[in-house]
Structures are given as C-alpha cells and as structure tokens.
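Beneath this line is the structure, given in structure tokens, with notes to follow.
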Amino acid sequence: MNRWLFRRAASAVGTFLLACTLLFFLMRLTPGDPLLRLSEDRPMTPEALANLRAHYGLDQPVMTQFVVFLGGVLRGDLGASIEHGGRPVVSLLRERLPASLLLGATTLLFNFMLGIAIGSWQARHIGRRLERWVDLAGLATASAPSFWVAIVLAWAFGTELHWLPVAFMHDPLLSTDAGRLAHLLDDLDHLVLPAATLAIVTVGVTARYQRAAMLDALRMDAIRTARAKGLPESRVRWRHAWPNTLGPMLALFGLWLPIVVSGSVFVESVYSWPGLGTLAAEALASRDYPVLMGTAVLIAATVVAANFFADLAHRWIDPRLRNS
Amino acid sequence: MGTPVTSGIVRRTPSIRVGLFLLLALGAAALFLPHFLPDPRAQPDLVSGVLLPPGWSHPLGTDHLSRDVLARLVYGGRVSLAIALGAAVLAVTLGAGVGLVAGYAGGRTDAALMRVVDAALAVPRLILLLLVVALLERIPLWGLILAIGATGWLGTSRLVRAETMRLRTLEFVRAARALGASHARILLRHLAPNVAGPLVVATTLAVGDVMLLEAGLSYLGLGVQAPTPSWGSMIFDAKPYLVTAPWVAVAPGTAILLGVFAVNLVGESLNRRFGGRWT
C-alpha cells in the first residue's frame, strides 16, 4: 500500500509539472504578445514597453523564462498581476478561492446526491415511459449552455419573481453588526441561484453515468447468485449491486472537476460571484496574463489532486484493488 | 449511415430519428432560409425599429440595432454549425491519429504520449482556449476552428488507443504482418477502419461539445467577432437588454439547446446501441 501510495503521489506531481510545462509553452508558442495587447489599450512609449518587458522577464531567453516560471510554481510564487496594482497573483487567488470552493463544493454535493439518486432510480425502472422521459430530460439539461441557464434563472427568480438575489455573494446593504447568522443566511441566499444553475447543467451527466454503472453492476454473476439465494430484490440492488457503482462514480468525480470549473467561469460571471471564474473573466477582459496563467496553474493542481484522492478513495473502498 | 447495420439502427431507435430530424431541420434552415429573410446586417430603422417584440414583419423581433433576429439566428446557425463540424472533425482526426499510433506502437511511445495527454487533461479545455484566444486579436473563423479542434483531441485519443490495443492482438493484424504489410498499411487499412464505430460516436458528441464551447467563447466576446452573428455572440450582444427585450437572448439560447440536444441524442443513442463503451 505504501509503495503504491508513493508511486501514485510521484506520478501526480509529475503530471502537474508536465501540465505547467505545457501551459508555459502553449502561451509562448501562441502568436500574439500580451504586452503589445496591453499597449494598444493605453498609450505607451517604446521605452516604457521595454521596461515592462524587462520587469516581467520577457526579454530573457525562453528557456530562462521557463526555469524561472517553474521555479516560481514550486515555491508558490506565480508572479505579479498587471492590473490590481501589481499585487502578487497568489494573494489574488487566495482571496477568490473560498467563494469558488463554496460554490464548487455545494454544486458537487447536490450534483452527486441527485445524480446518484436519479440514475439508480432509472436503472430500477429501466425502459418505462417515465424513465425514458427522465433520460431525455437529463440529456436536454446537459445540452444547455450554462450561461444561458444562468441568465434565464436570474431573469425568472430575480427580475420577475424577486425571490432570490442575482448578483454578488453578500448584500451590500446588510449592516456589519447584523450578526453572524444573518450574514451566513445572506450568503446562502446568494448561493442558491449559481449553485442551482451549475447543478442543473451537470446533474444529467452524473445520472447517466450512475444509470450505466448500475446496469453494468446488475449484469454481474454475483447478482445472479444473490437472487438465486432468494434474497429480496431491494437487498440485491442496494447491498450487492449498488456498492459496485461507487468505483465508476469516483472516477467520474476526477473527471468532473474540470467541467465544474469551466461552467463556473460562465456562471460566476453572470451572477458576479466573487470566485476564481470571475477573476479569470476579468483578467481576460483586461489581458492580465499572469493572473490567467496563475488561475490555470491552480486549476491544474486542483484537478491532479482530485484525481489522486479519487484513486486513493477507490482503493480504500474496493478490496480487490487493495490486495492486488 | 450507409451500411445496413447502421441504417437498421436508425430505423429501430426513435431517439436517433428525432435527433437526426432536428439536425436536418436546423441544417436545412441554415442552408436555405437566408434566401427568404432580410439581410442579417441590415439596420432598417435605428430610431423606432429597435428591440421590437416578435410580430408579423419580424417573427422573432429585432435587436438593439433593429436587425431581424430570425435572419441573424439563421445566418448565425451557418457560422455555429460550420465551426462545430470543422472543429469536431479536426479534434477527432487528431485524436484518432495519436490514439492509433500510441495503441499500435505501445512501449515508450505510448507511455510518453499518454503522459502528455494526462497532463493536458488536468487543465480544462475552456481554460486552455481562453489562454490561446485571449492572445489573438479578432480571431478569424478558421483560427477559432483550429484552436477549438486542437484542444479537443485528448479524450478521443484515449478511446482510440484502448480500442487499438485490443485490436492489435487479434489474428487479422498478425496475419497482415505475416503477409509483409508495413506498419503504415496495418494502421491505415486494417486498424483505422475498425475504430470507425467509436469515431462516429466521438465525432457526434464532439459536435455538441464544440457548439457549447463556441457559444461560451462568443458569449465572453472572444469567439466569433461582430458583425458576424453566431448563436453565442447573439447572446453576448443581447446581454444589456435581457430585462427589456428577453426575446433577443431567448431565440439563440433555444437554438443552441436544440442543436446540442439533437447531436447528443444521436451520439448517446448510437453509443448505447454499440454497448455503451465509447464515451
């Protein structure tokens, strides 16, 4: 187990470093110059541009830049932003991370709870009329652009019905001494629409995976044995078949994170949710390249870590993997 | 869809029929309707003709520049569908190439290629695209197709690699090699046709992914550039008028939803018909 853990961890670190390498060279190989774009927006003398170039180390040879970049990543230094008064990218990311984590965790929680419930239900009632409609509905919600769903929900529940706030994470008018509980409830109020949007556009896929995993599990010989023993059908399903779907769902968890991150770029910017997605969208608009790179590096680290922990958990719940 | 097997599948599976019908309808609308509609660039009345609600003269209303929403929707459909098809075919071709080589060569080549794929998959495709597209001012249409296609082959390469590794050990490949066939010939004439099934599914599902990506990029103002309409850029344009004139955003959003739904319906049904191994 320990040797496996060590090798798996080493491979995760390797994957992350390779991802950073790819990101760096992707940026360098793409035609176009972030500083030239910047100087189009505001007048700059050639000397100022050269100074800026030297400041960001862009006058160095590419390999030197690469070594500096990778060394910075390892030390947790992602450079300084161009906007935001030249603040370190890391401190910007740290400021925005909690909001994104809250949104992401809420989304994943609801996504997996609902998706697993719906998918298991579908596998139980496979081929029935209602099941087929649920299946189609899942496919339809997965086909909707997240920003459009966000716009529609904001219009319906915010503008028309006035049920829920449609922007930011805190009510600016809520007084600071309103008490902890009031602030917590206020944040949750603001969380509902963004989290619902992300859950709606992703839950259909989880349900389809769960449905397929459950159908696969029900085809196992062990299930025939369990039925032959005369066990009640519900026990066969939940105690014998269902645990076998946990492995595929854990693998899905690792695959899921990039999708939730991408979705949150749009959803966060529609709802002005102060997370990493909004930061990336703002950086995009102002061509703040270091911030964009920093966000990408952080996301890559998160995805690699999620895959690592999903593997770890899979080993923990599946004795066949542990003993092999 | 020429072989008897696939046409049989189409006849037997209602959801594929619905999906294909939707796709054909959207494609036909994009191809033929522009001839019967006003010029999508025309701005007939900038004073009293802006943001008109749906009515007789403008079935889907007009936008903030008094342009006909239906005309722009149909014309934008051409752009969106062309990008989706081009980028999906490019992505799947690249993925098939890498997957065939990795799966057939095995050993170090395979290990190296798959390491790169693993690492690249750690960064979401959207973020990769944002990084690339943000550097390019006013990206041309072919550039957009290239960028979206070049970032979408990772999943397909894994799929094709697994399928190739399975096929590689079968008798017909060994027979071909015993007959003196070159590696290139084995790859192209013997292995490639055998992964055609998963590739059809992968391409179909990739078209849906690309439509959503293109819409998203255009919505952020990075994709298709004004005045060319695409479904995503129409929503981008409509953003300030969401409250006063929601129809300007609802029409393209519905079009994206229908288009992606149609291709996903076809792709997912084919996938299930073939045993659900290919996603």
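Scheme for the structure tokens: letters A, B, ... for chains in order shown; per-chain residue numbers from 1; ligand numbers from 1 in order shown.
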
Within 7 Å of chain B, which residues of chain A show up? Give each one with its shortest atom-to-atom distance in Å (one decimal) and the two atoms involved, counting only C-alpha atoms, rows by chain then rising residue number, as JSON lines.
```
{"residue": "A:Thr15", "atom": "CA", "partner": "B:Ala119", "partner_atom": "CA", "distance": 4.9}
{"residue": "A:Phe16", "atom": "CA", "partner": "B:Ala119", "partner_atom": "CA", "distance": 6.4}
{"residue": "A:Leu18", "atom": "CA", "partner": "B:Ala119", "partner_atom": "CA", "distance": 5.8}
{"residue": "A:Ala19", "atom": "CA", "partner": "B:Ala119", "partner_atom": "CA", "distance": 4.6}
{"residue": "A:Met27", "atom": "CA", "partner": "B:Val132", "partner_atom": "CA", "distance": 6.8}
{"residue": "A:Thr30", "atom": "CA", "partner": "B:Val132", "partner_atom": "CA", "distance": 6.3}
{"residue": "A:Gly32", "atom": "CA", "partner": "B:Leu135", "partner_atom": "CA", "distance": 5.2}
{"residue": "A:Asp33", "atom": "CA", "partner": "B:Leu135", "partner_atom": "CA", "distance": 6.5}
{"residue": "A:Pro34", "atom": "CA", "partner": "B:Leu135", "partner_atom": "CA", "distance": 6.2}
{"residue": "A:Leu139", "atom": "CA", "partner": "B:Phe261", "partner_atom": "CA", "distance": 6.8}
{"residue": "A:Ala140", "atom": "CA", "partner": "B:Phe261", "partner_atom": "CA", "distance": 5.5}
{"residue": "A:Ser143", "atom": "CA", "partner": "B:Phe261", "partner_atom": "CA", "distance": 5.2}
{"residue": "A:Ala144", "atom": "CA", "partner": "B:Leu257", "partner_atom": "CA", "distance": 4.9}
{"residue": "A:Pro145", "atom": "CA", "partner": "B:Leu212", "partner_atom": "CA", "distance": 5.9}
{"residue": "A:Trp148", "atom": "CA", "partner": "B:Gly253", "partner_atom": "CA", "distance": 6.2}
{"residue": "A:Pro258", "atom": "CA", "partner": "B:Pro124", "partner_atom": "CA", "distance": 4.9}
{"residue": "A:Ser262", "atom": "CA", "partner": "B:Leu126", "partner_atom": "CA", "distance": 5.9}
{"residue": "A:Leu284", "atom": "CA", "partner": "B:Ala134", "partner_atom": "CA", "distance": 6.5}
{"residue": "A:Ala296", "atom": "CA", "partner": "B:Ile127", "partner_atom": "CA", "distance": 6.6}
{"residue": "A:Ile299", "atom": "CA", "partner": "B:Val123", "partner_atom": "CA", "distance": 6.6}
{"residue": "A:Ala300", "atom": "CA", "partner": "B:Ala122", "partner_atom": "CA", "distance": 4.9}
{"residue": "A:Val303", "atom": "CA", "partner": "B:Ala122", "partner_atom": "CA", "distance": 5.6}
{"residue": "A:Val304", "atom": "CA", "partner": "B:Ala122", "partner_atom": "CA", "distance": 6.1}
```

Go ahead and save the residues from that selection, with N, CA and C atoms, as a PDB file, in the first residue's frame.
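Output contents, as saved in result30.pdb:
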```pdb
ATOM      1  N   THR A  15       2.665  14.680 -13.258  1.00  0.00           N
ATOM      2  CA  THR A  15       1.598  15.148 -14.150  1.00  0.00           C
ATOM      3  C   THR A  15       1.398  16.652 -14.004  1.00  0.00           C
ATOM      4  N   PHE A  16       1.418  17.120 -12.753  1.00  0.00           N
ATOM      5  CA  PHE A  16       1.211  18.546 -12.520  1.00  0.00           C
ATOM      6  C   PHE A  16       2.336  19.374 -13.155  1.00  0.00           C
ATOM      7  N   LEU A  18       4.271  18.541 -15.628  1.00  0.00           N
ATOM      8  CA  LEU A  18       4.151  18.463 -17.085  1.00  0.00           C
ATOM      9  C   LEU A  18       3.037  19.401 -17.569  1.00  0.00           C
ATOM     10  N   ALA A  19       1.942  19.459 -16.795  1.00  0.00           N
ATOM     11  CA  ALA A  19       0.840  20.350 -17.166  1.00  0.00           C
ATOM     12  C   ALA A  19       1.313  21.803 -17.151  1.00  0.00           C
ATOM     13  N   MET A  27       1.492  29.114 -24.044  1.00  0.00           N
ATOM     14  CA  MET A  27       1.402  30.569 -24.022  1.00  0.00           C
ATOM     15  C   MET A  27       2.493  31.185 -24.885  1.00  0.00           C
ATOM     16  N   THR A  30       1.836  30.521 -28.793  1.00  0.00           N
ATOM     17  CA  THR A  30       0.700  31.172 -29.434  1.00  0.00           C
ATOM     18  C   THR A  30       1.151  32.518 -29.984  1.00  0.00           C
ATOM     19  N   GLY A  32       1.094  36.325 -30.864  1.00  0.00           N
ATOM     20  CA  GLY A  32       0.443  37.382 -30.081  1.00  0.00           C
ATOM     21  C   GLY A  32       1.267  37.644 -28.855  1.00  0.00           C
ATOM     22  N   ASP A  33       1.274  38.885 -28.402  1.00  0.00           N
ATOM     23  CA  ASP A  33       2.124  39.317 -27.309  1.00  0.00           C
ATOM     24  C   ASP A  33       1.248  40.012 -26.280  1.00  0.00           C
ATOM     25  N   PRO A  34       1.206  39.496 -25.042  1.00  0.00           N
ATOM     26  CA  PRO A  34       0.307  40.104 -24.048  1.00  0.00           C
ATOM     27  C   PRO A  34       0.614  41.576 -23.808  1.00  0.00           C
ATOM     28  N   LEU A 139     -30.494  14.488 -20.700  1.00  0.00           N
ATOM     29  CA  LEU A 139     -29.709  14.827 -21.883  1.00  0.00           C
ATOM     30  C   LEU A 139     -29.943  16.286 -22.270  1.00  0.00           C
ATOM     31  N   ALA A 140     -31.195  16.737 -22.149  1.00  0.00           N
ATOM     32  CA  ALA A 140     -31.524  18.110 -22.535  1.00  0.00           C
ATOM     33  C   ALA A 140     -30.846  19.118 -21.616  1.00  0.00           C
ATOM     34  N   SER A 143     -27.369  19.594 -22.366  1.00  0.00           N
ATOM     35  CA  SER A 143     -27.126  20.257 -23.647  1.00  0.00           C
ATOM     36  C   SER A 143     -27.288  21.766 -23.561  1.00  0.00           C
ATOM     37  N   ALA A 144     -27.694  22.277 -22.405  1.00  0.00           N
ATOM     38  CA  ALA A 144     -27.952  23.712 -22.297  1.00  0.00           C
ATOM     39  C   ALA A 144     -26.667  24.469 -21.970  1.00  0.00           C
ATOM     40  N   PRO A 145     -26.413  25.592 -22.638  1.00  0.00           N
ATOM     41  CA  PRO A 145     -25.249  26.395 -22.275  1.00  0.00           C
ATOM     42  C   PRO A 145     -25.430  26.961 -20.863  1.00  0.00           C
ATOM     43  N   TRP A 148     -26.511  30.565 -20.395  1.00  0.00           N
ATOM     44  CA  TRP A 148     -27.886  30.846 -20.783  1.00  0.00           C
ATOM     45  C   TRP A 148     -28.866  30.427 -19.685  1.00  0.00           C
ATOM     46  N   PRO A 258     -12.897  19.520 -13.867  1.00  0.00           N
ATOM     47  CA  PRO A 258     -12.686  20.485 -14.959  1.00  0.00           C
ATOM     48  C   PRO A 258     -14.000  21.042 -15.501  1.00  0.00           C
ATOM     49  N   SER A 262     -15.044  24.921 -15.584  1.00  0.00           N
ATOM     50  CA  SER A 262     -15.396  25.646 -16.807  1.00  0.00           C
ATOM     51  C   SER A 262     -16.767  26.275 -16.683  1.00  0.00           C
ATOM     52  N   LEU A 284      -9.223  38.189 -18.295  1.00  0.00           N
ATOM     53  CA  LEU A 284      -9.361  38.034 -19.735  1.00  0.00           C
ATOM     54  C   LEU A 284      -9.687  39.370 -20.386  1.00  0.00           C
ATOM     55  N   ALA A 296      -4.945  29.122 -14.204  1.00  0.00           N
ATOM     56  CA  ALA A 296      -4.817  27.831 -14.889  1.00  0.00           C
ATOM     57  C   ALA A 296      -3.948  26.873 -14.082  1.00  0.00           C
ATOM     58  N   ILE A 299      -5.905  25.604 -11.100  1.00  0.00           N
ATOM     59  CA  ILE A 299      -6.917  24.631 -11.504  1.00  0.00           C
ATOM     60  C   ILE A 299      -6.269  23.290 -11.828  1.00  0.00           C
ATOM     61  N   ALA A 300      -5.117  23.331 -12.530  1.00  0.00           N
ATOM     62  CA  ALA A 300      -4.421  22.086 -12.857  1.00  0.00           C
ATOM     63  C   ALA A 300      -4.048  21.345 -11.579  1.00  0.00           C
ATOM     64  N   VAL A 303      -7.159  19.745 -10.092  1.00  0.00           N
ATOM     65  CA  VAL A 303      -7.635  18.581 -10.840  1.00  0.00           C
ATOM     66  C   VAL A 303      -6.744  17.373 -10.572  1.00  0.00           C
ATOM     67  N   VAL A 304      -5.409  17.598 -10.590  1.00  0.00           N
ATOM     68  CA  VAL A 304      -4.488  16.485 -10.333  1.00  0.00           C
ATOM     69  C   VAL A 304      -4.719  15.939  -8.928  1.00  0.00           C
TER      70      VAL A 304
END
```

Check your understanding: Can you tell me, as a ChimeraX atom specification, what residues are no more than 10 Å from range 267-275 of chain A when counting only C-alpha atoms, ignoring any on the same chain fewer than 4 positions away?
Key -> /A:93-104,145-151,154,165-170,190-191,193-195,197-198,260-263,279-282 /B:220,239

Next, dump the selected residues to file, keeping only N, CA and C atoms, as a compact mmCIF listing (two decimals), in the first residue's frame.
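After the write, out.txt holds the following:
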```
# COMPACT_ATOMS: atom_id res chain seq x y z
N LEU A 93 -5.44 34.97 -5.88
CA LEU A 93 -6.08 33.65 -5.95
C LEU A 93 -6.61 33.24 -4.57
N ARG A 94 -5.80 33.52 -3.54
CA ARG A 94 -6.20 33.13 -2.18
C ARG A 94 -7.47 33.88 -1.77
N GLU A 95 -7.57 35.11 -2.23
CA GLU A 95 -8.74 35.93 -1.89
C GLU A 95 -10.01 35.36 -2.54
N ARG A 96 -9.86 34.86 -3.78
CA ARG A 96 -11.04 34.40 -4.53
C ARG A 96 -11.36 32.93 -4.30
N LEU A 97 -10.40 32.18 -3.76
CA LEU A 97 -10.59 30.74 -3.65
C LEU A 97 -11.79 30.35 -2.79
N PRO A 98 -11.98 30.95 -1.60
CA PRO A 98 -13.09 30.48 -0.74
C PRO A 98 -14.44 30.51 -1.44
N ALA A 99 -14.75 31.59 -2.15
CA ALA A 99 -16.04 31.69 -2.82
C ALA A 99 -16.21 30.57 -3.83
N SER A 100 -15.13 30.30 -4.60
CA SER A 100 -15.21 29.24 -5.60
C SER A 100 -15.35 27.88 -4.95
N LEU A 101 -14.62 27.67 -3.85
CA LEU A 101 -14.73 26.38 -3.16
C LEU A 101 -16.14 26.17 -2.65
N LEU A 102 -16.73 27.21 -2.07
CA LEU A 102 -18.09 27.11 -1.56
C LEU A 102 -19.05 26.74 -2.68
N LEU A 103 -18.95 27.46 -3.80
CA LEU A 103 -19.84 27.19 -4.93
C LEU A 103 -19.59 25.79 -5.50
N GLY A 104 -18.29 25.46 -5.68
CA GLY A 104 -17.96 24.16 -6.27
C GLY A 104 -18.40 23.01 -5.38
N PRO A 145 -26.41 25.59 -22.64
CA PRO A 145 -25.25 26.40 -22.27
C PRO A 145 -25.43 26.96 -20.86
N SER A 146 -24.40 26.81 -20.01
CA SER A 146 -24.57 27.18 -18.60
C SER A 146 -24.90 28.68 -18.44
N PHE A 147 -24.26 29.52 -19.27
CA PHE A 147 -24.51 30.96 -19.10
C PHE A 147 -25.95 31.31 -19.45
N TRP A 148 -26.51 30.57 -20.39
CA TRP A 148 -27.89 30.85 -20.78
C TRP A 148 -28.87 30.43 -19.69
N VAL A 149 -28.61 29.25 -19.11
CA VAL A 149 -29.44 28.81 -17.98
C VAL A 149 -29.34 29.83 -16.84
N ALA A 150 -28.11 30.33 -16.61
CA ALA A 150 -27.92 31.33 -15.56
C ALA A 150 -28.74 32.58 -15.83
N ILE A 151 -28.71 33.02 -17.09
CA ILE A 151 -29.46 34.23 -17.46
C ILE A 151 -30.96 34.01 -17.25
N ALA A 154 -31.83 33.80 -13.54
CA ALA A 154 -31.71 35.12 -12.91
C ALA A 154 -32.91 35.98 -13.28
N PRO A 165 -31.61 36.85 -4.65
CA PRO A 165 -30.65 37.82 -5.19
C PRO A 165 -29.92 37.21 -6.39
N VAL A 166 -29.57 38.04 -7.37
CA VAL A 166 -28.98 37.53 -8.60
C VAL A 166 -27.53 37.96 -8.78
N ALA A 167 -26.96 38.69 -7.81
CA ALA A 167 -25.58 39.12 -8.01
C ALA A 167 -24.84 39.18 -6.69
N PHE A 168 -23.52 38.95 -6.77
CA PHE A 168 -22.59 39.04 -5.65
C PHE A 168 -22.85 37.96 -4.60
N MET A 169 -22.04 38.04 -3.53
CA MET A 169 -22.10 37.00 -2.51
C MET A 169 -22.68 37.55 -1.22
N HIS A 170 -22.61 38.87 -1.06
CA HIS A 170 -23.15 39.49 0.15
C HIS A 170 -24.09 40.62 -0.25
N HIS A 190 -27.52 34.09 -1.53
CA HIS A 190 -26.85 34.43 -2.78
C HIS A 190 -26.30 33.20 -3.49
N LEU A 191 -26.11 32.13 -2.72
CA LEU A 191 -25.52 30.91 -3.28
C LEU A 191 -26.52 30.11 -4.10
N LEU A 193 -28.91 30.52 -6.50
CA LEU A 193 -29.03 30.53 -7.96
C LEU A 193 -27.77 30.03 -8.67
N PRO A 194 -26.56 30.52 -8.32
CA PRO A 194 -25.37 29.98 -9.01
C PRO A 194 -25.23 28.47 -8.85
N ALA A 195 -25.44 27.98 -7.62
CA ALA A 195 -25.28 26.55 -7.39
C ALA A 195 -26.36 25.77 -8.14
N THR A 197 -27.83 26.64 -10.92
CA THR A 197 -27.50 26.65 -12.34
C THR A 197 -26.47 25.57 -12.67
N LEU A 198 -25.38 25.57 -11.89
CA LEU A 198 -24.33 24.58 -12.17
C LEU A 198 -24.83 23.17 -11.97
N VAL A 260 -16.89 21.39 -13.88
CA VAL A 260 -17.47 22.34 -12.93
C VAL A 260 -16.70 23.66 -12.98
N VAL A 261 -15.37 23.57 -13.11
CA VAL A 261 -14.56 24.79 -13.20
C VAL A 261 -14.95 25.61 -14.42
N SER A 262 -15.04 24.92 -15.58
CA SER A 262 -15.40 25.65 -16.81
C SER A 262 -16.77 26.28 -16.68
N GLY A 263 -17.71 25.49 -16.17
CA GLY A 263 -19.06 26.01 -16.02
C GLY A 263 -19.06 27.22 -15.10
N LEU A 279 -12.64 36.09 -11.55
CA LEU A 279 -11.27 36.60 -11.65
C LEU A 279 -10.70 36.32 -13.03
N ALA A 280 -10.90 35.08 -13.52
CA ALA A 280 -10.39 34.73 -14.84
C ALA A 280 -11.06 35.57 -15.92
N ALA A 281 -12.37 35.75 -15.81
CA ALA A 281 -13.08 36.54 -16.82
C ALA A 281 -12.61 37.99 -16.82
N GLU A 282 -12.39 38.55 -15.61
CA GLU A 282 -11.87 39.93 -15.52
C GLU A 282 -10.47 40.01 -16.12
N LEU B 220 -18.32 35.34 -24.10
CA LEU B 220 -17.31 36.13 -23.40
C LEU B 220 -16.69 37.18 -24.31
N LYS B 239 -26.98 40.86 -24.00
CA LYS B 239 -26.81 40.94 -22.55
C LYS B 239 -27.42 42.21 -21.93
```

Counting only C-alpha atoms, closest pick from B:Thr62, B:Thr151, B:Ser233, B:Ser269 relative to Val201 in chain B is B:Ser269

Just list as number ranges by chain whatever in range 34-237 of chain B DSSP marks as helix (DSSP H, G or I). B: 34-36, 69-105, 107-121, 125-135, 141-150, 154-168, 171-178, 183-219, 231-237

Surrounding residues of range 233-248 of chain A excluding itself and chain neighbours under 2 positions, 8 Å, only C-alpha atoms, as a PyMOL selection string = chain A and resi 209-210+213-214+217-218+222-223+226-227+231+250-252+314+318

Neighbour list for range 72-74 of chain A as a short mmCIF file (atom, residue, chain, number, x, y, z; two decimals) with C-alpha atoms, in the first residue's frame, cut-off 9 Å, only C-alpha atoms, skip fewer than 5 positions in-chain:
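And here's selection.cif as it stands now:
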```cif
data_model
loop_
_atom_site.label_atom_id
_atom_site.label_comp_id
_atom_site.auth_asym_id
_atom_site.auth_seq_id
_atom_site.Cartn_x
_atom_site.Cartn_y
_atom_site.Cartn_z
CA LEU A 17 4.71 19.69 -13.54
CA CYS A 20 2.65 23.53 -16.08
CA VAL A 67 13.05 27.82 -15.45
CA GLY A 79 4.34 36.41 -10.32
CA GLY A 294 -1.98 31.59 -12.26
CA VAL A 297 -1.95 26.52 -12.72
#
```

_To one decimal place in Å, what is the distance between CA of Asp63 in chain B and CA of Pro229 in chain B?_
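Computing it gives 11.9 Å between the two atoms.
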
One number please: CA of Ala238 in chain B to CA of Leu205 in chain B, in Å, one decimal.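 That distance, rounded to one decimal, is 28.0 Å.
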
Determine, using only C-alpha atoms, which residues of range 167-245 of chain B have any atom at most 12 Å from an atom of range 18-35 of chain B, and tabulate each with its shortest atom pair and distance in Å to one decimal place, rows ordered by chain and then rising number, as JSON lines.
```
{"residue": "B:Thr204", "atom": "CA", "partner": "B:Gly19", "partner_atom": "CA", "distance": 11.0}
{"residue": "B:Val207", "atom": "CA", "partner": "B:Leu23", "partner_atom": "CA", "distance": 11.4}
{"residue": "B:Gly208", "atom": "CA", "partner": "B:Leu23", "partner_atom": "CA", "distance": 11.3}
{"residue": "B:Ser230", "atom": "CA", "partner": "B:Ala30", "partner_atom": "CA", "distance": 11.5}
{"residue": "B:Trp231", "atom": "CA", "partner": "B:Ala30", "partner_atom": "CA", "distance": 11.9}
```

**Q.** Residue nearest Val224 in chain B - candidates B:Ile139, B:Ala181, B:Ala112, B:Ala196, atoms counted: only C-alpha atoms
**A.**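 Of B:Ile139, B:Ala181, B:Ala112, B:Ala196, the one nearest Val224 in chain B, counting only C-alpha atoms, is B:Ile139.
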
Using only C-alpha atoms, which protein or nucleic acid residues come within 10 Å of Leu92 in chain A? Drop anything in the same chain fewer than 5 positions from it, and give the result as JSON, numbers by chain. {"A": [80, 81, 84, 87, 97, 276, 279, 291, 294, 295]}

Now that the selection is made, can you save its residues with N, CA and C atoms as a PDB file, in the first residue's frame?
```
ATOM      1  N   ALA A  80       3.473  38.647 -10.464  1.00  0.00           N
ATOM      2  CA  ALA A  80       2.616  39.762 -10.088  1.00  0.00           C
ATOM      3  C   ALA A  80       1.616  40.033 -11.187  1.00  0.00           C
ATOM      4  N   SER A  81       0.417  40.476 -10.797  1.00  0.00           N
ATOM      5  CA  SER A  81      -0.592  40.781 -11.803  1.00  0.00           C
ATOM      6  C   SER A  81      -0.274  42.115 -12.466  1.00  0.00           C
ATOM      7  N   HIS A  84      -4.796  45.247 -10.844  1.00  0.00           N
ATOM      8  CA  HIS A  84      -4.797  45.065  -9.391  1.00  0.00           C
ATOM      9  C   HIS A  84      -3.552  45.654  -8.748  1.00  0.00           C
ATOM     10  N   ARG A  87      -0.388  43.470  -7.595  1.00  0.00           N
ATOM     11  CA  ARG A  87      -0.390  42.554  -6.450  1.00  0.00           C
ATOM     12  C   ARG A  87       0.068  41.157  -6.864  1.00  0.00           C
ATOM     13  N   LEU A  97     -10.401  32.178  -3.763  1.00  0.00           N
ATOM     14  CA  LEU A  97     -10.593  30.739  -3.654  1.00  0.00           C
ATOM     15  C   LEU A  97     -11.795  30.346  -2.791  1.00  0.00           C
ATOM     16  N   LEU A 276     -12.987  32.393  -8.522  1.00  0.00           N
ATOM     17  CA  LEU A 276     -11.905  32.311  -9.499  1.00  0.00           C
ATOM     18  C   LEU A 276     -12.417  32.511 -10.921  1.00  0.00           C
ATOM     19  N   LEU A 279     -12.640  36.087 -11.548  1.00  0.00           N
ATOM     20  CA  LEU A 279     -11.273  36.604 -11.646  1.00  0.00           C
ATOM     21  C   LEU A 279     -10.696  36.323 -13.033  1.00  0.00           C
ATOM     22  N   VAL A 291      -2.352  36.675 -14.199  1.00  0.00           N
ATOM     23  CA  VAL A 291      -3.496  36.185 -13.420  1.00  0.00           C
ATOM     24  C   VAL A 291      -4.143  34.990 -14.112  1.00  0.00           C
ATOM     25  N   GLY A 294      -1.911  32.049 -13.657  1.00  0.00           N
ATOM     26  CA  GLY A 294      -1.981  31.592 -12.264  1.00  0.00           C
ATOM     27  C   GLY A 294      -3.243  30.796 -12.003  1.00  0.00           C
ATOM     28  N   THR A 295      -4.367  31.288 -12.535  1.00  0.00           N
ATOM     29  CA  THR A 295      -5.624  30.560 -12.363  1.00  0.00           C
ATOM     30  C   THR A 295      -5.518  29.179 -12.994  1.00  0.00           C
TER      31      THR A 295
END
```
